[in-house]
Amino acid sequence: MDIPIENYSLNNGLRVVLSEDHAQPVVAVNLWYNVGSRNERVGRTGFAHLFEHMMFQGSENVPNTEHIAHVERVGGSMNGSTWLDRTNYFETMPANRLELALWLESDRMGFLVPAMTQEKLDNQRSVVQNERRWRVDNQPYGDWDERLQALVYPSDHPYHHSVIGSMADLDAATLEDVEEFFRTYYAPNNAVLTICGSFDPAMAKSLVEKYFGTISSGPPVPPLPGRTEIPLRSGEFVRERVESDVGLSRVYLAFRIPPFGSSDFYPADVTAHLLASGKASRLYRSLVREQRIAQSVVAFAFPIVTGAAMFVIWATASPDTDPDKLEEAVWRELDLLYKGDVTAEEISRTVTGIEATQMIGLQQVGERADQLSMFTTLFDEPNRLNTELDRYQEVTAEDVQKIALEYLQRENAVALTYVPGARPEAA
Amino acid sequence: MSNVVDRTSVPEGLPLRPYSFPAIERAELSNGLPILVARTSHFPVVTLSAILPAGGVQEQGDRAGLATLTNSLLESGAAGRSALDIAESLEGLGVRMKASTSWDVSLVGYTSLASRADAASEILGSMVRSPDFPPAEVERIRQEQLADIVQRRAEPRGLANEMVARFIYSEDTPYRRPLGGTAATVEGLTRSDAAAFHSECYSPRGAAVVVAGHIDVQSAIELAEARFGDWVGPVVQRPRIAVRPLRESTRVVIVDRPGAVQSEIRIGHIGLARDTPDYFPVIVMNTILGGAFSSRLNLNLRERHGYTYGVSSSFSMRKDTGLFLVSTAVQTEVTSAAVREILNEVEGIRDSKVSDRELDDARNYLAGTFPLRLQTTDGIASRLAELLIYELPDDYFSDYRDRIVEVGRAEVLDAARAHIRPEHFAVVVVGDASAIREPLESLDIGPVEVVDALTLP
């Protein structure tokens, strides 16, 4: 790919990525802060995400609820999201409104604290607790990732707990926590700013300098809490069975794999796709179409970078299918991978699909901007946007076999099974 | 912290860069099938969709779910090619075929790299025209559809959406039933039902093709001609549908989920068809009420009270009359308080004119975000499909933004008063009846009944 990329840093350490494209009269502004749920301390799970909500509650020059209103009233769209490794904030604006987005983002990067109040914190705590009820507690299978993370990662690893966090820890969060978190992690030297779309580069640079260049650097960011280096194989097979008010049984298998960015991650990602992306994929063909024991199958490799990533397979059982039989059938498909059953032609088809998905997604300036911020934050290499697909093209059938043999094994597995039953007591 | 920059005033915008909807070419294939093409020159990507007059409205009531089943089966074998062969061929092209059914139409289409659009269209053509309906696949997909119904009933949002239609529409209105059918109707569907539905409703006389992306107009037309130009079939009539309410007065229905920590709330009534002359005032009014983050409902329920992660209102417009709905999920303890606030906001928008600021913000929001959704070939193709399905003029989107900006405060108030009728609301709450029944009764907005979803057909 040949997407134009220019990158530089401000004196305060803010990394800036510019990617010009005048095809549409829109411009995306995207910020990644190098902080996620992995940075949370004991007793404050869910805080990085709660903090993300506070970033939309106004800053020194932006009254409460006006941050989003400013974007909406000029016809922009915006959001933010928190994940294990990072927190991002992004808006896509009409091209003539770049300065407004930079003003808004810089005001909350530099001058959030004066606008924080107990009332705002209590309000957003309640919103986030309702988000947890909506996504997790009142949804069938809603706690799957929380349960898998707790089983795949040891209790002192930063991925052991979920992004959304516990109700009790959310209750415990204070205004002092907000200030401390801001001073620790929200500084230009811990962020990447990407601008992608229709803009004038000279003008953009001068606006970036004007609004962000005057924000002071923060202190060095403290190391991640807990133990980040863990064996890439857990050495044990852990099972958990959950009775819950789901309609159909579902089986999850999860494994530690090498982190996103390492050379072994790409064959793992290809393996996930050839197992369950599309109707020619192995699990779909075998479990859904031929044996008719699964209603649907999913597989993916979490693109996360701290110590070990996670490979997840799930299969939703057809009515009346015994989930244990379903699990055995998934293992039989993995056995085939160990034996080298995958062909070069199958790999080629799978990679073709990954390429097409990427090309189609990159039509949107917001998607391009987010990936540029990601590659810069995680690897300091924005140009990986143009070269990342090469890593997929290099994957061979032998690589897939090796990944299966090394990582997708019972001695490195978590099996989580949901079966229909009474709702467990809410946490 | 140094702060030498003046940050106190909101930056002004530069002059607005004009946006024009891509030029649309309309043509007819040699069998009369209409095609709309919009060329975009940016990414080497093409979206192609076939629009079929095979939506849920074409089903008989005792065959509910047949439109969905037939559509799902197109990939299961066509023109002698097996399901696996089709899947592998598409995957080799990097193409994920999307098949979907709405009340108005069924769609089959894909987005691919431009270089592969032609090869993919060959498979699309045979799926649409010559599906084989292999008996084993019919049975498998039918079982999947039954399992989907089980999953939807177990999931509070899906259950709430199903139930609110059930308590808004009269028993003889097709929209009352779920689009995918019920367990009872899907149990009865057969291969010959699907084959018959296909021969009646998958026809060039009523179908259309849209193409958007990196392809010149003549090539797009030739490609469609090669796949569909010699297709013949019957005229497909759209049945006349009577849309009537189940009840004439407000009723509160609790769909009981003992122990639920949250209540899924749906409040609404019969709404509008897509051809309403009030389309633009209605979408501006709805944006102010509950169509954007900064809407009255969201600022109240989320940002003021913290009752919910989010709340929205919408008019889902179809060829026939769709729904007006307010949707949210709130923690169990505040269920009745949240319903009260929703009703207050609805009263408010009907009571007096919105402010100049609200009107400006909503108009600018709608006009400004319009092009954001047209960055992709898929987004443009969806708009082309909208023109065809709702019989809008080809230049409809050229002055779409101007027509939004022309809406005034009086029209917004008129639209609210004409099209939101609280006295006809069905209030449906999926939640823990033991905790929310009394508080909802004390709101005194109408009789409260409790139903058990497990016992409903």
# chains A, B, ... in the order shown; residues from 1 in each chain; ligands from 1
call {"tool": "interface_residues", "arguments": {"of": "chain A", "to": "chain B", "cutoff": "6 Å", "atoms": "only C-alpha atoms", "output": "list in words"}}
result
Asn61, Ala69, Glu72, Arg73, Val74, Gly75, Gly76, Asn96, Arg97, Leu100, Asn123, Ser126, Val127, Asn130, Glu131, Ser216, Val246, Gly247, Lys279, Ala280, Arg349, Thr352, Gly353, Ala356, Gln363 and Gln364 of chain A
call {"tool": "select_by_dssp", "arguments": {"residues": "segment 121-187 of chain A", "states": "alpha helix (DSSP H)", "output": "number ranges by chain"}}
result
A: 121-132, 144-152, 167-172, 175-185
call {"tool": "write_last_selection", "arguments": {"atoms": "C-alpha atoms", "output": "tab-separated table (two decimals), in the first residue's frame"}}
result
chain	number	residue	atom	x	y	z
A	121	LEU	CA	-17.73	11.94	38.64
A	122	ASP	CA	-20.81	10.57	40.38
A	123	ASN	CA	-22.85	11.02	37.20
A	124	GLN	CA	-20.36	9.24	34.95
A	125	ARG	CA	-19.78	6.50	37.54
A	126	SER	CA	-23.48	5.79	37.29
A	127	VAL	CA	-23.36	5.88	33.47
A	128	VAL	CA	-20.43	3.45	33.40
A	129	GLN	CA	-22.11	1.12	35.88
A	130	ASN	CA	-25.10	1.10	33.56
A	131	GLU	CA	-22.77	0.39	30.67
A	132	ARG	CA	-21.51	-2.61	32.61
A	144	TRP	CA	-17.01	-14.11	28.66
A	145	ASP	CA	-13.97	-11.87	28.21
A	146	GLU	CA	-13.82	-11.05	31.91
A	147	ARG	CA	-13.84	-14.75	32.76
A	148	LEU	CA	-11.30	-15.70	30.08
A	149	GLN	CA	-8.87	-12.95	31.03
A	150	ALA	CA	-9.00	-14.04	34.67
A	151	LEU	CA	-8.25	-17.64	33.68
A	152	VAL	CA	-5.66	-17.06	30.95
A	167	MET	CA	-18.87	-2.46	40.42
A	168	ALA	CA	-17.11	-2.22	43.80
A	169	ASP	CA	-13.96	-0.70	42.30
A	170	LEU	CA	-16.02	1.77	40.30
A	171	ASP	CA	-17.79	2.72	43.53
A	172	ALA	CA	-14.43	3.34	45.17
A	175	LEU	CA	-11.91	12.77	42.43
A	176	GLU	CA	-8.34	12.51	43.70
A	177	ASP	CA	-7.94	9.37	41.58
A	178	VAL	CA	-9.06	11.35	38.53
A	179	GLU	CA	-6.45	14.04	39.16
A	180	GLU	CA	-3.69	11.55	39.86
A	181	PHE	CA	-4.48	9.47	36.78
A	182	PHE	CA	-4.52	12.58	34.64
A	183	ARG	CA	-1.14	13.79	35.92
A	184	THR	CA	0.39	10.33	35.54
A	185	TYR	CA	-0.79	9.32	32.08
call {"tool": "atom_distance", "arguments": {"atom1": "atom CA of Val326 of chain B", "atom2": "atom CA of Val284 of chain B"}}
result
15.7 Å
call {"tool": "select_by_dssp", "arguments": {"residues": "segment 61-217 of chain A", "states": "strand (DSSP E or B)", "output": "ChimeraX atom specification"}}
result
/A:62,77-82,87-94,191-197
call {"tool": "write_last_selection", "arguments": {"atoms": "N, CA and C atoms", "output": "mmCIF file, in the first residue's frame"}}
result
data_model
loop_
_atom_site.group_PDB
_atom_site.id
_atom_site.type_symbol
_atom_site.label_atom_id
_atom_site.label_comp_id
_atom_site.auth_asym_id
_atom_site.auth_seq_id
_atom_site.Cartn_x
_atom_site.Cartn_y
_atom_site.Cartn_z
ATOM 1 N N VAL A 62 -14.071 24.472 28.153
ATOM 2 C CA VAL A 62 -15.208 23.795 27.516
ATOM 3 C C VAL A 62 -16.181 23.368 28.616
ATOM 4 N N SER A 77 -18.575 13.635 13.870
ATOM 5 C CA SER A 77 -18.923 12.511 14.730
ATOM 6 C C SER A 77 -17.703 12.220 15.589
ATOM 7 N N MET A 78 -17.921 11.706 16.778
ATOM 8 C CA MET A 78 -16.783 11.488 17.680
ATOM 9 C C MET A 78 -17.077 10.363 18.635
ATOM 10 N N ASN A 79 -16.011 9.845 19.254
ATOM 11 C CA ASN A 79 -16.173 8.895 20.346
ATOM 12 C C ASN A 79 -14.818 8.666 20.989
ATOM 13 N N GLY A 80 -14.793 7.773 21.937
ATOM 14 C CA GLY A 80 -13.550 7.357 22.558
ATOM 15 C C GLY A 80 -13.712 5.909 22.943
ATOM 16 N N SER A 81 -12.605 5.216 23.198
ATOM 17 C CA SER A 81 -12.750 3.854 23.690
ATOM 18 C C SER A 81 -11.520 3.474 24.506
ATOM 19 N N THR A 82 -11.743 2.564 25.427
ATOM 20 C CA THR A 82 -10.664 2.118 26.307
ATOM 21 C C THR A 82 -10.472 0.644 26.100
ATOM 22 N N THR A 87 -6.026 3.959 25.338
ATOM 23 C CA THR A 87 -7.301 4.675 25.302
ATOM 24 C C THR A 87 -7.248 5.590 24.085
ATOM 25 N N ASN A 88 -8.301 5.579 23.268
ATOM 26 C CA ASN A 88 -8.279 6.472 22.105
ATOM 27 C C ASN A 88 -9.474 7.417 22.106
ATOM 28 N N TYR A 89 -9.273 8.546 21.443
ATOM 29 C CA TYR A 89 -10.293 9.591 21.306
ATOM 30 C C TYR A 89 -10.252 10.032 19.856
ATOM 31 N N PHE A 90 -11.403 10.161 19.243
ATOM 32 C CA PHE A 90 -11.359 10.435 17.809
ATOM 33 C C PHE A 90 -12.604 11.159 17.335
ATOM 34 N N GLU A 91 -12.403 11.996 16.330
ATOM 35 C CA GLU A 91 -13.544 12.636 15.691
ATOM 36 C C GLU A 91 -13.277 12.718 14.194
ATOM 37 N N THR A 92 -14.355 12.612 13.410
ATOM 38 C CA THR A 92 -14.282 12.894 11.981
ATOM 39 C C THR A 92 -15.101 14.149 11.754
ATOM 40 N N MET A 93 -14.452 15.150 11.156
ATOM 41 C CA MET A 93 -15.051 16.479 11.044
ATOM 42 C C MET A 93 -15.186 16.867 9.575
ATOM 43 N N PRO A 94 -16.119 17.774 9.290
ATOM 44 C CA PRO A 94 -16.043 18.435 7.980
ATOM 45 C C PRO A 94 -14.662 19.091 7.878
ATOM 46 N N ALA A 191 1.350 10.292 24.364
ATOM 47 C CA ALA A 191 0.233 10.296 23.414
ATOM 48 C C ALA A 191 0.726 10.387 21.980
ATOM 49 N N VAL A 192 -0.133 9.997 21.070
ATOM 50 C CA VAL A 192 0.091 10.147 19.626
ATOM 51 C C VAL A 192 -1.118 10.863 19.043
ATOM 52 N N LEU A 193 -0.855 11.875 18.209
ATOM 53 C CA LEU A 193 -1.929 12.609 17.534
ATOM 54 C C LEU A 193 -1.825 12.355 16.031
ATOM 55 N N THR A 194 -2.895 11.850 15.446
ATOM 56 C CA THR A 194 -2.911 11.627 13.992
ATOM 57 C C THR A 194 -3.988 12.492 13.354
ATOM 58 N N ILE A 195 -3.637 13.099 12.224
ATOM 59 C CA ILE A 195 -4.608 13.856 11.430
ATOM 60 C C ILE A 195 -4.616 13.221 10.048
ATOM 61 N N CYS A 196 -5.786 12.822 9.588
ATOM 62 C CA CYS A 196 -5.874 12.111 8.312
ATOM 63 C C CYS A 196 -7.061 12.629 7.522
ATOM 64 N N GLY A 197 -6.821 12.968 6.261
ATOM 65 C CA GLY A 197 -7.929 13.426 5.427
ATOM 66 C C GLY A 197 -7.572 14.711 4.713
#
call {"tool": "residues_around", "arguments": {"residues": "Ala317 of chain A", "least_positions_apart": "4", "cutoff": "12 Å", "atoms": "only C-alpha atoms", "output": "ChimeraX atom specification"}}
result
/A:246-252,287-288,291-297,321-327,329-330,417-420 /B:143-144,147-148,150-151
call {"tool": "write_last_selection", "arguments": {"atoms": "C-alpha atoms", "output": "compact mmCIF listing (two decimals), in the first residue's frame"}}
result
# COMPACT_ATOMS: atom_id res chain seq x y z
CA VAL A 246 -28.33 -18.13 27.90
CA GLY A 247 -30.48 -19.55 25.12
CA LEU A 248 -27.91 -22.01 23.80
CA SER A 249 -24.77 -23.56 25.26
CA ARG A 250 -21.48 -22.07 24.13
CA VAL A 251 -17.90 -23.31 24.41
CA TYR A 252 -14.89 -20.99 24.57
CA LEU A 287 -19.04 -28.03 12.94
CA VAL A 288 -21.77 -25.92 11.39
CA GLN A 291 -21.79 -32.13 11.68
CA ARG A 292 -24.50 -29.54 12.46
CA ILE A 293 -23.53 -29.40 16.10
CA ALA A 294 -22.74 -25.65 16.13
CA GLN A 295 -24.93 -22.68 15.35
CA SER A 296 -21.98 -20.37 14.76
CA VAL A 297 -18.19 -20.29 15.21
CA THR A 321 -26.03 -30.50 21.34
CA ASP A 322 -23.99 -31.52 24.35
CA PRO A 323 -21.37 -28.77 24.82
CA ASP A 324 -18.75 -31.34 25.81
CA LYS A 325 -19.22 -33.10 22.49
CA LEU A 326 -18.93 -29.75 20.76
CA GLU A 327 -15.69 -29.02 22.58
CA ALA A 329 -15.14 -31.59 17.94
CA VAL A 330 -13.20 -28.31 18.16
CA THR A 417 -18.55 -23.43 28.89
CA TYR A 418 -21.92 -21.69 29.28
CA VAL A 419 -24.96 -23.88 29.70
CA PRO A 420 -28.59 -22.72 29.99
CA GLN B 143 -32.72 -25.30 12.17
CA GLU B 144 -30.35 -22.34 12.42
CA ALA B 147 -31.99 -21.51 17.05
CA ASP B 148 -31.74 -17.79 16.25
CA VAL B 150 -34.16 -19.13 20.86
CA GLN B 151 -31.18 -16.75 21.12
call {"tool": "closest_atom_pairs", "arguments": {"of": "segment 161-222 of chain B", "to": "segment 115-121 of chain B", "cutoff": "10 Å", "atoms": "only C-alpha atoms", "output": "JSON lines"}}
result
{"residue": "B:His214", "atom": "CA", "partner": "B:Ser115", "partner_atom": "CA", "distance": 9.4}
{"residue": "B:Ile215", "atom": "CA", "partner": "B:Ala117", "partner_atom": "CA", "distance": 9.1}
{"residue": "B:Ser219", "atom": "CA", "partner": "B:Asp118", "partner_atom": "CA", "distance": 9.4}
{"residue": "B:Ala220", "atom": "CA", "partner": "B:Asp118", "partner_atom": "CA", "distance": 8.9}
{"residue": "B:Glu222", "atom": "CA", "partner": "B:Asp118", "partner_atom": "CA", "distance": 9.9}
call {"tool": "residues_around", "arguments": {"residues": "Ser72 of chain B", "least_positions_apart": "5", "cutoff": "10 Å", "atoms": "only C-alpha atoms", "output": "PyMOL selection string"}}
result
chain B and resi 66-67+98-101+108+138+141-142+145
call {"tool": "write_last_selection", "arguments": {"atoms": "C-alpha atoms", "output": "PDB file, in the first residue's frame"}}
result
ATOM      1  CA  LEU B  66     -39.908 -17.576   4.665  1.00  0.00           C
ATOM      2  CA  ALA B  67     -38.361 -14.446   3.120  1.00  0.00           C
ATOM      3  CA  LYS B  98     -23.904 -10.143   2.327  1.00  0.00           C
ATOM      4  CA  ALA B  99     -27.478 -11.354   2.136  1.00  0.00           C
ATOM      5  CA  SER B 100     -30.182  -9.682   4.184  1.00  0.00           C
ATOM      6  CA  THR B 101     -33.934  -9.386   4.381  1.00  0.00           C
ATOM      7  CA  VAL B 108     -27.657  -9.694  -1.892  1.00  0.00           C
ATOM      8  CA  VAL B 138     -32.713 -26.256   3.679  1.00  0.00           C
ATOM      9  CA  ILE B 141     -30.590 -23.368   7.658  1.00  0.00           C
ATOM     10  CA  ARG B 142     -34.133 -23.837   8.940  1.00  0.00           C
ATOM     11  CA  GLN B 145     -33.247 -19.949  12.044  1.00  0.00           C
TER      12      GLN B 145
END
call {"tool": "residues_around", "arguments": {"residues": "Gly188 of chain B", "least_positions_apart": "6", "cutoff": "12 Å", "atoms": "only C-alpha atoms", "output": "ChimeraX atom specification"}}
result
/B:61-66,69,139,142-143,146,181-182,194
call {"tool": "write_last_selection", "arguments": {"atoms": "C-alpha atoms", "output": "short mmCIF file (atom, residue, chain, number, x, y, z; two decimals), in the first residue's frame"}}
result
data_model
loop_
_atom_site.label_atom_id
_atom_site.label_comp_id
_atom_site.auth_asym_id
_atom_site.auth_seq_id
_atom_site.Cartn_x
_atom_site.Cartn_y
_atom_site.Cartn_z
CA GLY B 61 -48.71 -14.95 7.92
CA ASP B 62 -48.50 -18.71 8.46
CA ARG B 63 -45.21 -18.75 6.52
CA ALA B 64 -43.52 -16.01 8.56
CA GLY B 65 -39.76 -16.29 8.24
CA LEU B 66 -39.91 -17.58 4.66
CA LEU B 69 -35.05 -18.48 4.97
CA GLU B 139 -33.05 -28.34 6.81
CA ARG B 142 -34.13 -23.84 8.94
CA GLN B 143 -32.72 -25.30 12.17
CA LEU B 146 -35.08 -21.76 14.87
CA GLY B 181 -40.73 -15.74 11.96
CA THR B 182 -41.72 -17.55 15.14
CA ALA B 194 -38.58 -21.59 -0.42
#
call {"tool": "closest_residue", "arguments": {"among": "A:Asn386, A:Asn189, A:Ser244, A:Asn12", "to": "Asp137 of chain A", "atoms": "only C-alpha atoms"}}
result
A:Ser244
call {"tool": "residues_around", "arguments": {"residues": "Val236 of chain B", "least_positions_apart": "4", "cutoff": "9 Å", "atoms": "only C-alpha atoms", "output": "ChimeraX atom specification"}}
result
/B:53-54,200-207
call {"tool": "residues_around", "arguments": {"residues": "Tyr338 of chain A", "least_positions_apart": "4", "cutoff": "12 Å", "atoms": "only C-alpha atoms", "output": "VMD selection string"}}
result
chain A and resid 271 331 to 334 342 397 to 409
call {"tool": "closest_residue", "arguments": {"among": "B:Ile254, B:Gly271, B:Pro422, B:Ala415", "to": "Pro439 of chain B", "atoms": "only C-alpha atoms"}}
result
B:Ile254
call {"tool": "closest_residue", "arguments": {"among": "B:Leu223, B:His424, B:Ala27, B:Ile404", "to": "Thr287 of chain B", "atoms": "only C-alpha atoms"}}
result
B:Ile404
call {"tool": "closest_residue", "arguments": {"among": "A:Asn11, A:Val351, A:Asp107, A:Arg368", "to": "Pro382 of chain A", "atoms": "only C-alpha atoms"}}
result
A:Arg368
